[in-house]
Every structure is written in C-alpha cells, then in structure tokens.
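Undergrad: A single structure is presented below for examination.
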Amino acid sequence: MSTPDRTGVLYGLLAEFDDATELVAAVRKVRDAGYLKWDVHTPFPVHGMDDAMGIKGTQLPFFVLAGGLTGFALALLMQWWMNAVDYPFVISGKPLFGLPANIPVIFELTVLFSAFATFFGMWGLNGMPRLYHPLLTNERFRRATSDRFFIVIEAQDPRFDLPQTKQFLGSLGSGFVEEVHESAED
Amino acid sequence: MKTAASDVYDNTSDDPTRPPVLILGDQDFTSVTDKIAGIVERPSPPRAWYIAFAVTVSMTGVLFAMILYLILTGVGVWGLNNPVGWGWAIVNFVFWVGIGHAGTLISAILFLLRQKWRTSINRFAEAMTIFAVICAGIFPAIHVGRIWVVHWLFPIPNYQAMWPNFRSPLLWDVFAVGTYMLVSLLFWFTGMIPDLATLRDRATSKVRQMAYGFFALGWRGSHRHWHRYEKAYLLLAGLATPLVLSVHSVVSFDFAVAQIAGWHTTIFPPYFVAGAVFSGFAMVGTCLVPARQWFGLKNFITIYHLENMNKIILATGSMVGLAYATEFFIAWYGGNPNEAFVFVNRAFGPYAWAYWIMVSCNVLIPQLFWFKRLRTNVVVMWIIYIFVNIGMWFERFVITVTSLHRDFLPGSWGYYKPSIVDILTFAGSFGLFFTLVLLFVRYLPMVAMAEVKTVMPIADAHSGERRAVGDYHGDIPQEIRDRRSHS
C-alpha cells in the first residue's frame, strides 16, 4: 500500500494541485487539448467545474420523472383495486373509490419512488457501488477526499501517449505527476 | 480574549453589507478534515461518553422491558380509559415525528433557499430526524393492541384476504411516516457518501478501511460523479420539501378528519407543521449546544448558526401562538357551542394546568429571543430549548386529551392519568434517541465536511474581484484579510 504498484497494467496519469483556482485553469487546458477519457477529483464540488470540463447535463431527472410516474400510477391502481375491486367494503358511507381520500397515499408513493429513482439512478450513472478502483490503491490519491485536487488522464484515451501526456500535465502547473497502475493481482 | 479568530471577529453582526463568516478560526481544507474526521478517529471516546452511553442504554432497556410487558399483558397497562382512548402513545408519536421535521427543514428547505449556514448543522439535524422518526414509529406500532397482526397496516396479503382501508387517515399516516423515514435515510446517506470516503482514505486500520469503504460505495471525488451527485442532492431536496410539509399535515389529519370538537378544524395542517419545525429546532439546539462544546466545534457551529436557529424558533413559536389564538377566535366566532365549550374547557377546565404550561413554554418564553443578547447566549438559549421541548410535548397532550375527556355526552366524561408504564415507556424512548445520537457522534462525521468546504472562501475557483464572494460563500471580512497578510 505504501509504494505505488508498478507491476500491473498502466491505468493513467495523475497530476496533483493544491488550489481550486489553479485546478480550474489547468482543467480548461486539458479539455481544449481534446482528451476524452479523463476526470478531475476534488474533495468537494468545485464551482464552475462543469463548464471548465465541458460536462453536459445528466439524464438523472428523467429517471426521477419515470420513478415518480410509476409511484403515482401504482398508488392509484393499488388503492382502486384493493378497496373498490378485490375487497370492496363501505365504511362511513364513503364511496369505494373517491379521489380525495386517495390523494395522500398517491402523493407519498410518488415522492418515495422518485427518491429511490434519484438515489439508485445516481448510483447507476456513477458506476456505484464500486469496491475496487486503481486510483484507490494510490497512496497520494487518498488526499483527494480531504484537501488535494487531481486531474487524471486514462491510458485508454486515444490521445494518450505516456511521455507526451506526462509532459503536458507537468506544464499545467501541477507540482506532482505520477503513473497509476492496476493492481497486479487482477 | 484577542487570541483566537473566533474572538476577533463577531460573526453575528447585523450589518447587511458584511456577509457573515460561516467557518471561524482561519481554517483551510486540511484543518477542517483533521478536526471533523479526528473526532471519530480517536481510539476511544472520552469517559463522559461511556457514562452517557451507559445511562442511555439502560433507559433503552427500560423502553424494551415496558414494550414487552405491554405486549404480554395488553394496552390496559396504560392509563387509557373511556372516553380517553388515545393517550400518551399518540402524544409521544406526534411529539417525536415533529422533532424530526427540523432536520428535513435544515437539510432540504434551507438548501433550496441557498442558506449556506445550514452546512455546519445539517448532518447532525438529519441524523436526529432519523432517530426521532424511529422513536416515533414505535408508538403507533405498539399501540395497536394485537402487535402480532401489525402487518395488517401494510398492503400485504394476509390470511383474511383483506386489504387496508385507504380512506382512513391512520393509513395515510403509515404511508406518510414510512415514506418520510425512507426518504430521510436516503437523503442523509447521500449527503454522507463523500465524508465516508474521507474516513476510508484516512483509515489506519484494515477494519475501518473496509467498513467505511463499503458504505462509501467507491466514491473518489470524481467531478463527473459530483455533477450527478449534486443533481441528485438537489432533486432529493426538492422531493423532501413537499414531503416534510405533507408528513405533519397527514399526522394532523388523524385528528382533523375526526368529528371531535377541538380536532375537526382546517387550521391543523399548517399549525402542526409550524409546531413541528418549532419543536424540532429546539431539540436540534438541545443536542448541538452541548455537542459543539464537548467536541470543540465552536468554529464550525458558531454563534451565528445558533442565532439563526433561534430566529427560526422565535418565528415558528409565534406562528404556533397565532394558531392558538386563531383556534380560540374561531371557536367563538364559529358559533358552534361544542367547539366553544372545548376551548373554554381547555383553558379553564381540569387540564388548565397543562394548557398554561403549553402557552408559557411555547408562546411566552421564546419571545425572549427578540433580544439579541439573549439569543446569542448559549446558556440562555439552551434553557429556552428545554422549555420548548416541554411545551411542545404538552401541546400534543392538550390537543389529544382535552378534546376527548369531555366530549358530546356529559355522562361519559372522565379524567385521564398516565400509568407508570406510560411514563417509563416515554422516558425509555429518550434513552433510545440519545443512544442513537451517541453512536452517531462516535462513528460518523457530525459535520458535513465536503459541504462545509464549499462555503469556505478559499473554495472559490474564481479569481480577482469575485474571489471569496462566489455563489456559495460568505465574504472574508477586511480585518481578517489584513490580519492574514500581516502574518
């Protein structure tokens, strides 16, 4: 764990930054250089980074809409079928199926299904949960969740060329550039 | 006095040209992580933690002993009688559900309103929401009498081939509180993923690394992930906001849909929601004021944060007072003799003592928060929180019991008194609540580290004039900037 494992396949190059302002400037250059398989790792969401990286919107809201509509339809059908069809019984002279009395449950299930869609949609789009990742074996990268900022360009990127990309990352003002390897056991 | 930055700069200034500093003590990202993560990384908690834990676990034991006794014997062990068939179980249920509301208000509504000060307190408040809803959920479950058929509350096929009655507010409650519990849990967990990753990456033992790593779901702070994460967080906040308003509205329907005078009113949903937020903030304060002291979090949970909470308590407490007055006005103006009788009976009948405890604690005492000197004094505010906790429990007691004990038939009037089992069960629920709070402060980060970092001036990626006045941030006041450049 203490020394980088250099036996496995090369995953990519890691460049470290101390400051969010320097990072954003460097990120713009990586974007403009035309790299495709790369990412920025920060301890908190840095404001303005979407634009600097050129990230488009996410499909997540559509998942949530689908979840909400499912919850709505399910709640409506469930109440109608259970109280008016499968086991009809009159209570306090209320109609077997009357929308006003069924609104609260419809509302709650709409919210519930939307929330589950948001939660698991975010997992799915982000590829979570993931218990192993080459970056997580890198000692220096541990500070990505605390106080350091990283740019990672993957070896899979079509423009990736080890010496050239290393030099490019070095020219961005990073104090430290390092190779990251897949762990050897894989 | 002039040594620490927190003393140099009073962040409770009312000057609107000078935005408040949210995190004191000249912190950077490293010091924030070290401070917050350091609390849960200590090899063993202070002795006071063990003593507190022993006490709360014993009280939880009492809770479960009382529940067992209740199940083995029947609801007759409580003080219920005819006409008061709804006693402390419903009172405690409404009390605990209400407390949860502050967490969701802080985490969701203040998020949508871009109140940046929420970042220091939202984690703690959300945790409290979940623990309070757990305590609340116990009471309706055990009050059903035959607890072994409690699954009839849910639309699950049972041997009678019978479905629940969806036209009843009690069933709406099952869905409202169940949804609230699950959504709060998802929201809390989502907010915690980056911080769990921080703990994973700082772990020095394999066990900690695996445990936190499992729940961190492989989080690596990737911005492509942050992008979707922030969208998910915003969506969850947007979903939780109407949800929290609906939950206590549905709880109030338990009363308002009934035909009993004093319950059958349209004011109940907003009145209950305001009361819930009021009581919840008081409970958050009750826990936070000692916690910031014991864990040295005064630079994170500053007087400014507490003062803002106190302003919300003052506002919602006054709303509750307005609701009490409106109820009385309508009881007179509505011309319904039963309604008028119930309210006169509330204030001057056999339960007048409870009514006036409620009014004093909820309406009169919080008015002290009009004075800045009092709302920024931690001792004074903590005492007021205790009064509010007491007052809001009595509010639910007054609503439940005074309307039932003298209803339409004077021949069946009665007086309700709790039994010792009622009292011990309620006390035990505090044991469960505080046991969960103690476990939380021991094993999970009680301040949202990643979120706090976004409201620090150094987080801003913009340079030049916009530096430190970005979307998220409070300004660095000139005197601190000067002091930094000198040192």
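The chains in the structure tokens are called A, B, ... from first to last as shown; in each chain the residues are counted from 1, and the ligands are counted from 1 in the order shown.
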Write down as a PyMOL selection string the residues belonging to chain A that are assigned strand (DSSP E) by DSSP computed on the backbone.

TA: chain A and resi 10-17+38-41+149-154+176-181

Undergrad: Could you work out which residues of chain A fall inside 8 Å of chain B? Count only C-alpha atoms, and format the result as a ChimeraX atom specification.

TA: /A:20-22,24,39-50,55,58,60-61,79,82-83,87,94,101-102,104-105,108-109,111-112,114-116,118-119,122,125-126,128-133,135-136,142-147

Undergrad: Can you work out the spacing between atom CA of Thr402 of chain B and atom CA of Asn336 of chain B in Å, to one decimal?

TA: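 If I compute the distance from atom CA of Thr402 of chain B to atom CA of Asn336 of chain B, I get 17.0 Å.
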
Undergrad: Give the alpha helix (DSSP H) residues of segment 62-225 of chain B, as DSSP finds them on the backbone, and put them as a ChimeraX atom specification.

TA: /B:62-73,88-104,110-112,122-142,169-202,206-216,223-225

Undergrad: Work out how far apart atom CA of Gly137 of chain B and atom CA of Ile109 of chain B are and give it in Å to one decimal.

TA: 23.6 Å

Undergrad: Tell me, as a VMD selection string, which residues lie within 12 Å of Phe394 of chain B, counting only C-alpha atoms; anything in the same chain fewer than 2 positions away does not count.

TA: chain B and resid 88 91 to 92 94 to 95 275 279 351 to 362 387 to 392 396 to 402

Undergrad: Those same residues - N, CA, C and O atoms - I'd like them written as a short mmCIF file (atom, residue, chain, number, x, y, z; two decimals), in the first residue's frame.

TA:
data_model
loop_
_atom_site.label_atom_id
_atom_site.label_comp_id
_atom_site.auth_asym_id
_atom_site.auth_seq_id
_atom_site.Cartn_x
_atom_site.Cartn_y
_atom_site.Cartn_z
N TRP B 88 -50.93 8.66 25.86
CA TRP B 88 -49.55 9.07 25.62
C TRP B 88 -48.97 8.46 24.34
O TRP B 88 -48.03 9.02 23.79
N VAL B 91 -49.61 10.93 21.74
CA VAL B 91 -48.92 12.17 22.12
C VAL B 91 -47.42 12.03 21.82
O VAL B 91 -46.80 12.90 21.20
N ASN B 92 -46.85 10.92 22.25
CA ASN B 92 -45.42 10.69 22.03
C ASN B 92 -45.10 10.52 20.54
O ASN B 92 -44.06 11.00 20.07
N VAL B 94 -46.69 11.92 17.97
CA VAL B 94 -46.70 13.23 17.31
C VAL B 94 -45.49 14.06 17.77
O VAL B 94 -44.85 14.74 16.97
N PHE B 95 -45.16 13.95 19.05
CA PHE B 95 -44.01 14.68 19.59
C PHE B 95 -42.73 14.30 18.84
O PHE B 95 -41.99 15.16 18.36
N GLY B 275 -45.56 23.93 14.31
CA GLY B 275 -45.20 23.40 15.62
C GLY B 275 -44.09 22.37 15.52
O GLY B 275 -43.21 22.29 16.37
N SER B 279 -40.56 22.65 17.41
CA SER B 279 -40.07 21.68 18.39
C SER B 279 -38.79 21.03 17.90
O SER B 279 -37.89 20.74 18.69
N TYR B 351 -57.86 20.40 32.85
CA TYR B 351 -56.49 20.34 32.30
C TYR B 351 -55.91 21.73 32.06
O TYR B 351 -55.00 21.90 31.26
N ALA B 352 -56.44 22.73 32.76
CA ALA B 352 -55.93 24.10 32.57
C ALA B 352 -54.44 24.16 32.86
O ALA B 352 -53.70 24.87 32.18
N TRP B 353 -53.98 23.38 33.84
CA TRP B 353 -52.55 23.41 34.17
C TRP B 353 -51.71 23.05 32.95
O TRP B 353 -50.70 23.69 32.67
N ALA B 354 -52.15 22.01 32.20
CA ALA B 354 -51.40 21.58 31.02
C ALA B 354 -51.46 22.66 29.95
O ALA B 354 -50.46 22.96 29.29
N TYR B 355 -52.63 23.26 29.80
CA TYR B 355 -52.80 24.29 28.77
C TYR B 355 -51.87 25.47 29.03
O TYR B 355 -51.21 25.97 28.12
N TRP B 356 -51.78 25.89 30.27
CA TRP B 356 -50.97 27.08 30.56
C TRP B 356 -49.47 26.76 30.57
O TRP B 356 -48.67 27.63 30.27
N ILE B 357 -49.11 25.50 30.86
CA ILE B 357 -47.69 25.11 30.66
C ILE B 357 -47.37 25.25 29.18
O ILE B 357 -46.34 25.81 28.78
N MET B 358 -48.29 24.76 28.35
CA MET B 358 -48.09 24.82 26.89
C MET B 358 -47.93 26.27 26.42
O MET B 358 -46.99 26.60 25.70
N VAL B 359 -48.85 27.13 26.84
CA VAL B 359 -48.80 28.52 26.38
C VAL B 359 -47.53 29.21 26.87
O VAL B 359 -46.84 29.91 26.12
N SER B 360 -47.17 28.98 28.13
CA SER B 360 -45.98 29.65 28.66
C SER B 360 -44.73 29.20 27.91
O SER B 360 -43.90 30.00 27.52
N CYS B 361 -44.59 27.88 27.74
CA CYS B 361 -43.35 27.36 27.15
C CYS B 361 -43.25 27.65 25.66
O CYS B 361 -42.16 27.88 25.16
N ASN B 362 -44.37 27.62 24.96
CA ASN B 362 -44.29 27.74 23.50
C ASN B 362 -44.43 29.16 23.01
O ASN B 362 -43.88 29.51 21.98
N PHE B 387 -37.43 24.40 27.63
CA PHE B 387 -38.84 24.82 27.83
C PHE B 387 -39.67 24.50 26.59
O PHE B 387 -40.81 24.05 26.69
N VAL B 388 -39.09 24.74 25.41
CA VAL B 388 -39.84 24.49 24.18
C VAL B 388 -40.12 22.99 24.04
O VAL B 388 -41.24 22.59 23.67
N ASN B 389 -39.14 22.16 24.35
CA ASN B 389 -39.36 20.71 24.27
C ASN B 389 -40.53 20.31 25.17
O ASN B 389 -41.39 19.52 24.78
N ILE B 390 -40.52 20.85 26.37
CA ILE B 390 -41.60 20.52 27.32
C ILE B 390 -42.92 21.04 26.78
O ILE B 390 -43.93 20.32 26.74
N GLY B 391 -42.90 22.29 26.34
CA GLY B 391 -44.14 22.93 25.86
C GLY B 391 -44.75 22.19 24.69
O GLY B 391 -45.97 22.00 24.62
N MET B 392 -43.90 21.74 23.77
CA MET B 392 -44.45 21.09 22.58
C MET B 392 -44.97 19.69 22.91
O MET B 392 -45.91 19.22 22.27
N ARG B 396 -49.26 18.56 22.36
CA ARG B 396 -49.89 17.35 21.83
C ARG B 396 -50.77 16.69 22.89
O ARG B 396 -51.81 16.12 22.59
N PHE B 397 -50.32 16.79 24.15
CA PHE B 397 -51.11 16.23 25.24
C PHE B 397 -52.44 16.97 25.36
O PHE B 397 -53.52 16.37 25.47
N VAL B 398 -52.35 18.31 25.30
CA VAL B 398 -53.56 19.13 25.44
C VAL B 398 -54.53 18.83 24.30
O VAL B 398 -55.73 18.62 24.52
N ILE B 399 -54.01 18.79 23.08
CA ILE B 399 -54.88 18.54 21.93
C ILE B 399 -55.57 17.18 22.08
O ILE B 399 -56.78 17.05 21.90
N THR B 400 -54.78 16.17 22.39
CA THR B 400 -55.33 14.81 22.43
C THR B 400 -56.31 14.64 23.58
O THR B 400 -57.45 14.18 23.38
N VAL B 401 -55.88 15.01 24.77
CA VAL B 401 -56.66 14.63 25.95
C VAL B 401 -57.84 15.57 26.20
O VAL B 401 -58.94 15.11 26.52
N THR B 402 -57.63 16.90 26.05
CA THR B 402 -58.74 17.79 26.43
C THR B 402 -59.95 17.63 25.51
O THR B 402 -61.08 17.83 25.94
#

Undergrad: Given only C-alpha atoms as the basis, pick out the residue of B:Ile365, B:Leu314, B:Met446, B:Val437 nearest to Ile134 of chain B.

TA: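 Between B:Ile365, B:Leu314, B:Met446, B:Val437, the residue approaching Ile134 of chain B most closely is B:Val437.
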
Undergrad: Which neighbours of segment 52-69 of chain B fall inside 10 Å, counting only C-alpha atoms, when residues of the same chain fewer than 2 positions from it are skipped, and could you give them as a PyMOL selection string?

TA: chain B and resi 47-50+71-75+77+138-139+142-143+420-439

Undergrad: Identify, on the basis of only C-alpha atoms, every residue whose closest approach to Pro45 of chain B does not exceed 10 Å; exclude the query and any residue fewer than 5 positions from it along the same chain; express the result as a PyMOL selection string.

TA: chain B and resi 39-40+50+441-442

Undergrad: Ranking B:Gln293, B:Asn299, B:Gln367, B:Asn158 by minimum distance to Ser120 of chain B and counting only C-alpha atoms, which one comes first?

TA: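 Among B:Gln293, B:Asn299, B:Gln367, B:Asn158, it is B:Asn299 that comes nearest to Ser120 of chain B.
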
Undergrad: What lies within 12 Å of Gly34 of chain A using only C-alpha atoms, ignoring chain neighbours under 2 positions off, as a PyMOL selection string?

TA: chain A and resi 27-32+36-38+53-54+153+157-160+165

Undergrad: So how many Å separate atom CA of Ala448 of chain B and atom CA of Ile121 of chain B, to one decimal?

TA: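 It comes out at 7.9 Å.
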
Undergrad: When you count only C-alpha atoms, which of these residues is closest to Leu185 of chain B: B:Val149, B:Met319, B:Val251, B:Met128?

TA: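 Nearest to Leu185 of chain B: B:Met128.
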